[in-house]
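So this one's target-v2.cif, mmCIF, C-alpha atoms:
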```cif
data_final
loop_
_atom_site.group_PDB
_atom_site.id
_atom_site.type_symbol
_atom_site.label_atom_id
_atom_site.label_comp_id
_atom_site.auth_asym_id
_atom_site.auth_seq_id
_atom_site.Cartn_x
_atom_site.Cartn_y
_atom_site.Cartn_z
ATOM 1 C CA MET A 1 -68.705 -84.956 -57.596
ATOM 2 C CA ALA A 2 -69.154 -88.585 -56.722
ATOM 3 C CA THR A 3 -67.067 -90.900 -54.580
ATOM 4 C CA VAL A 4 -65.973 -94.339 -55.750
ATOM 5 C CA SER A 5 -64.804 -96.784 -53.074
ATOM 6 C CA LEU A 6 -63.291 -100.142 -54.014
ATOM 7 C CA THR A 7 -62.972 -103.174 -51.741
ATOM 8 C CA GLU A 8 -62.256 -106.861 -52.189
ATOM 9 C CA ALA A 9 -59.848 -105.968 -54.980
ATOM 10 C CA SER A 10 -56.201 -106.570 -55.713
ATOM 11 C CA GLN A 11 -53.963 -103.540 -56.001
ATOM 12 C CA GLN A 12 -53.763 -104.163 -59.770
ATOM 13 C CA ASP A 13 -57.549 -104.387 -60.194
ATOM 14 C CA ALA A 14 -58.099 -101.214 -58.148
ATOM 15 C CA ALA A 15 -55.594 -99.410 -60.389
ATOM 16 C CA THR A 16 -57.381 -100.762 -63.478
ATOM 17 C CA VAL A 17 -60.827 -99.578 -62.341
ATOM 18 C CA PHE A 18 -59.540 -96.138 -61.347
ATOM 19 C CA GLY A 19 -57.640 -95.952 -64.653
ATOM 20 C CA VAL A 20 -60.845 -96.498 -66.622
ATOM 21 C CA LEU A 21 -62.664 -93.818 -64.610
ATOM 22 C CA ARG A 22 -59.689 -91.431 -64.818
ATOM 23 C CA THR A 23 -59.766 -91.760 -68.618
ATOM 24 C CA ALA A 24 -63.459 -90.870 -68.670
ATOM 25 C CA PHE A 25 -63.725 -88.159 -65.991
ATOM 26 C CA PRO A 26 -61.722 -85.585 -64.025
ATOM 27 C CA THR A 27 -60.643 -86.818 -60.573
ATOM 28 C CA ASP A 28 -59.193 -85.477 -57.342
ATOM 29 C CA ARG A 29 -56.161 -87.769 -57.730
ATOM 30 C CA PRO A 30 -53.031 -87.084 -59.804
ATOM 31 C CA THR A 31 -52.291 -89.599 -62.575
ATOM 32 C CA ASP A 32 -49.273 -90.989 -60.707
ATOM 33 C CA ASP A 33 -51.322 -91.654 -57.536
ATOM 34 C CA LEU A 34 -51.812 -95.406 -57.800
ATOM 35 C CA PRO A 35 -53.434 -97.634 -55.155
ATOM 36 C CA LYS A 36 -50.950 -99.013 -52.632
ATOM 37 C CA GLU A 37 -51.276 -102.008 -50.328
ATOM 38 C CA GLN A 38 -51.179 -101.200 -46.629
ATOM 39 C CA PRO A 39 -49.092 -103.346 -44.267
ATOM 40 C CA GLY A 40 -50.776 -105.463 -41.651
ATOM 41 C CA GLY A 41 -52.970 -107.747 -43.759
ATOM 42 C CA ARG A 42 -56.138 -105.778 -43.095
ATOM 43 C CA SER A 43 -58.840 -105.173 -45.670
ATOM 44 C CA THR A 44 -58.006 -102.226 -47.879
ATOM 45 C CA VAL A 45 -60.482 -99.659 -49.190
ATOM 46 C CA TRP A 46 -59.406 -97.438 -52.070
ATOM 47 C CA SER A 47 -61.425 -94.335 -52.831
ATOM 48 C CA ALA A 48 -61.339 -91.359 -55.163
ATOM 49 C CA GLU A 49 -63.676 -88.572 -56.182
ATOM 50 C CA PHE A 50 -64.706 -88.066 -59.799
ATOM 51 C CA GLU A 51 -66.548 -85.273 -61.582
ATOM 52 C CA PRO A 52 -68.758 -87.131 -64.073
ATOM 53 C CA THR A 53 -69.165 -84.756 -66.992
ATOM 54 C CA GLN A 54 -71.760 -84.929 -69.727
ATOM 55 C CA GLU A 55 -69.147 -85.744 -72.345
ATOM 56 C CA TRP A 56 -66.892 -88.713 -71.625
ATOM 57 C CA ILE A 57 -64.811 -91.157 -73.593
ATOM 58 C CA PRO A 58 -66.043 -94.769 -73.407
ATOM 59 C CA THR A 59 -63.372 -97.447 -73.169
ATOM 60 C CA ASP A 60 -63.170 -100.922 -74.594
ATOM 61 C CA PRO A 61 -63.622 -103.860 -72.219
ATOM 62 C CA VAL A 62 -60.707 -104.175 -69.790
ATOM 63 C CA PRO A 63 -59.762 -107.452 -68.032
ATOM 64 C CA LEU A 64 -59.610 -107.789 -64.257
ATOM 65 C CA GLU A 65 -57.691 -110.459 -62.316
ATOM 66 C CA GLY A 66 -60.729 -111.076 -60.110
ATOM 67 C CA SER A 67 -63.932 -109.326 -59.159
ATOM 68 C CA VAL A 68 -64.100 -105.936 -57.464
ATOM 69 C CA SER A 69 -66.701 -104.510 -55.088
ATOM 70 C CA ALA A 70 -67.419 -100.865 -55.901
ATOM 71 C CA THR A 71 -69.583 -98.378 -54.050
ATOM 72 C CA LEU A 72 -70.636 -95.251 -55.926
ATOM 73 C CA GLN A 73 -72.003 -92.358 -53.896
ATOM 74 C CA GLY A 74 -73.124 -88.933 -55.065
ATOM 75 C CA THR A 75 -75.874 -87.159 -56.959
ATOM 76 C CA TYR A 76 -78.216 -89.285 -59.038
ATOM 77 C CA LEU A 77 -76.761 -88.003 -62.310
ATOM 78 C CA ALA A 78 -73.129 -88.434 -61.223
ATOM 79 C CA VAL A 79 -73.682 -91.999 -59.994
ATOM 80 C CA ASP A 80 -75.563 -92.926 -63.181
ATOM 81 C CA ARG A 81 -72.734 -91.601 -65.372
ATOM 82 C CA LEU A 82 -70.085 -93.447 -63.366
ATOM 83 C CA ARG A 83 -72.090 -96.667 -63.591
ATOM 84 C CA GLU A 84 -72.494 -96.215 -67.341
ATOM 85 C CA ALA A 85 -68.746 -95.673 -67.781
ATOM 86 C CA LEU A 86 -67.948 -98.756 -65.705
ATOM 87 C CA GLY A 87 -70.442 -100.753 -67.787
ATOM 88 C CA THR A 88 -68.501 -100.075 -70.987
ATOM 89 C CA ALA A 89 -65.332 -101.585 -69.520
ATOM 90 C CA PHE A 90 -66.567 -104.282 -67.126
ATOM 91 C CA ALA A 91 -69.402 -106.681 -66.473
ATOM 92 C CA VAL A 92 -71.474 -104.900 -63.817
ATOM 93 C CA ASP A 93 -73.774 -106.653 -61.344
ATOM 94 C CA GLU A 94 -75.796 -104.305 -59.149
ATOM 95 C CA GLN A 95 -75.765 -105.579 -55.556
ATOM 96 C CA GLY A 96 -77.937 -102.909 -53.932
ATOM 97 C CA THR A 97 -78.947 -99.256 -53.806
ATOM 98 C CA ALA A 98 -79.883 -96.658 -51.233
ATOM 99 C CA SER A 99 -81.592 -93.436 -52.268
ATOM 100 C CA GLY A 100 -82.066 -90.106 -50.573
ATOM 101 C CA ASP A 101 -83.527 -86.784 -51.624
ATOM 102 C CA GLN A 102 -80.497 -85.628 -53.595
ATOM 103 C CA GLU A 103 -77.973 -88.467 -53.422
ATOM 104 C CA LYS A 104 -77.827 -92.160 -53.976
ATOM 105 C CA GLU A 105 -75.444 -94.984 -53.249
ATOM 106 C CA VAL A 106 -75.033 -98.011 -55.483
ATOM 107 C CA ASP A 107 -73.101 -101.172 -54.640
ATOM 108 C CA LEU A 108 -71.697 -102.971 -57.669
ATOM 109 C CA ARG A 109 -69.684 -106.104 -58.373
ATOM 110 C CA LEU A 110 -67.313 -105.581 -61.318
ATOM 111 C CA ALA A 111 -65.779 -108.414 -63.332
ATOM 112 C CA THR A 112 -64.212 -109.014 -66.724
ATOM 113 C CA LYS A 113 -66.709 -108.871 -69.594
ATOM 114 C CA ARG A 114 -67.119 -112.220 -71.316
#
```

Structure re-expressed in structure tokens:
Amino acid sequence: MATVSLTEASQQDAATVFGVLRTAFPTDRPTDDLPKEQPGGRSTVWSAEFEPTQEWIPTDPVPLEGSVSATLQGTYLAVDRLREALGTAFAVDEQGTASGDQEKEVDLRLATKR
């Protein structure tokens, strides 16, 4: 399992990113569980867990309204597969990484592919 956390994203863009990942991999969220804005004007973080499998269905590029900050955290293999899946749908700019013995964390900036 790997956790994907999205920040600096509109509700629509968060739903789009999770939709792409949900198409590719099993998740802990039901299909009708869409991101919701929280009242109060505070920054919102959306997160879900995915089980990146060896076999997954790549998607065509998908447009975003703006850019999205994504943090992927999990085993090396799981994070690499999530990043690969995101790279088929979006332009991906790696912002930073942190590695441990058995897990890694990758910060990405996602945008519409040009």

- Nearest residue to A:Pro61 from the set A:Phe25, A:Leu6, A:Asp80, A:Ala111 (distances using all atoms listed in the file): A:Ala111

- Residue IDs satisfying the PyMOL selection byres ((chain A and resi 69) around 12), as a ChimeraX atom specification: /A:4-10,13-14,17,44-47,66-68,70-72,91-96,106-111

- Message: Between atom CA of A:Pro63 and atom CA of A:Gly87, what distance in Å does the model show, to one decimal?
- Response: 12.6 Å

- Among listed residues A:Ile57, A:Val79, A:Ala15, A:Leu21, nearest A:Met1 (using all atoms listed in the file): A:Val79

- Go through A:Thr53, A:Ala98, A:Thr3, A:Thr59 one by one, measure the shortest atom-to-atom distance of each to A:Arg29 using only C-alpha atoms, and give the residue with the smallest value.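 Among the listed residues, the smallest separation from A:Arg29 belongs to A:Thr3.
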
Around all of stretch 26-30 of chain A's listed atoms, make the axis-aligned box with 4 Å on each side and tell me centre and edge lengths in Å to one decimal, as AutoDock Vina command-line options.
```
--center_x -57.4 --center_y -86.6 --center_z -60.7 --size_x 16.7 --size_y 10.3 --size_z 14.7
```

- Message: As an exercise, work out the distance from atom CA of A:Ala78 to atom CA of A:Gln12 in Å and give it to one decimal place.
- Response: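 If I compute the distance from atom CA of A:Ala78 to atom CA of A:Gln12, I get 25.0 Å.
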
- Could you give me, as a PyMOL selection string, the residues within 6 Å of A:Phe50, counting only C-alpha atoms and dropping anything in the same chain fewer than 4 positions from it? chain A and resi 1-2+26-27

- Quick one: residues within 12 Å of A:Trp56, all atoms listed in the file counted, chain neighbours fewer than 6 positions away excluded, as a PyMOL selection string? chain A and resi 20-26+81-82+84-86+88

- What does the distance between atom CA of A:Gln54 and atom CA of A:Thr75 come to in Å, to one decimal place?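 Straight-line distance from atom CA of A:Gln54 to atom CA of A:Thr75 works out to 13.6 Å.
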
- Message: Evaluate the PyMOL selection byres ((chain A and resi 113) around 6) against this structure - the residues, as number ranges by chain, please.
- Response: A: 90-91, 112, 114

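In terms of minimum interatomic distance to A:Pro58, A:Ala89 ranks closest within A:Pro30, A:Ser43, A:Gln102, A:Ala89, counting all atoms listed in the file.
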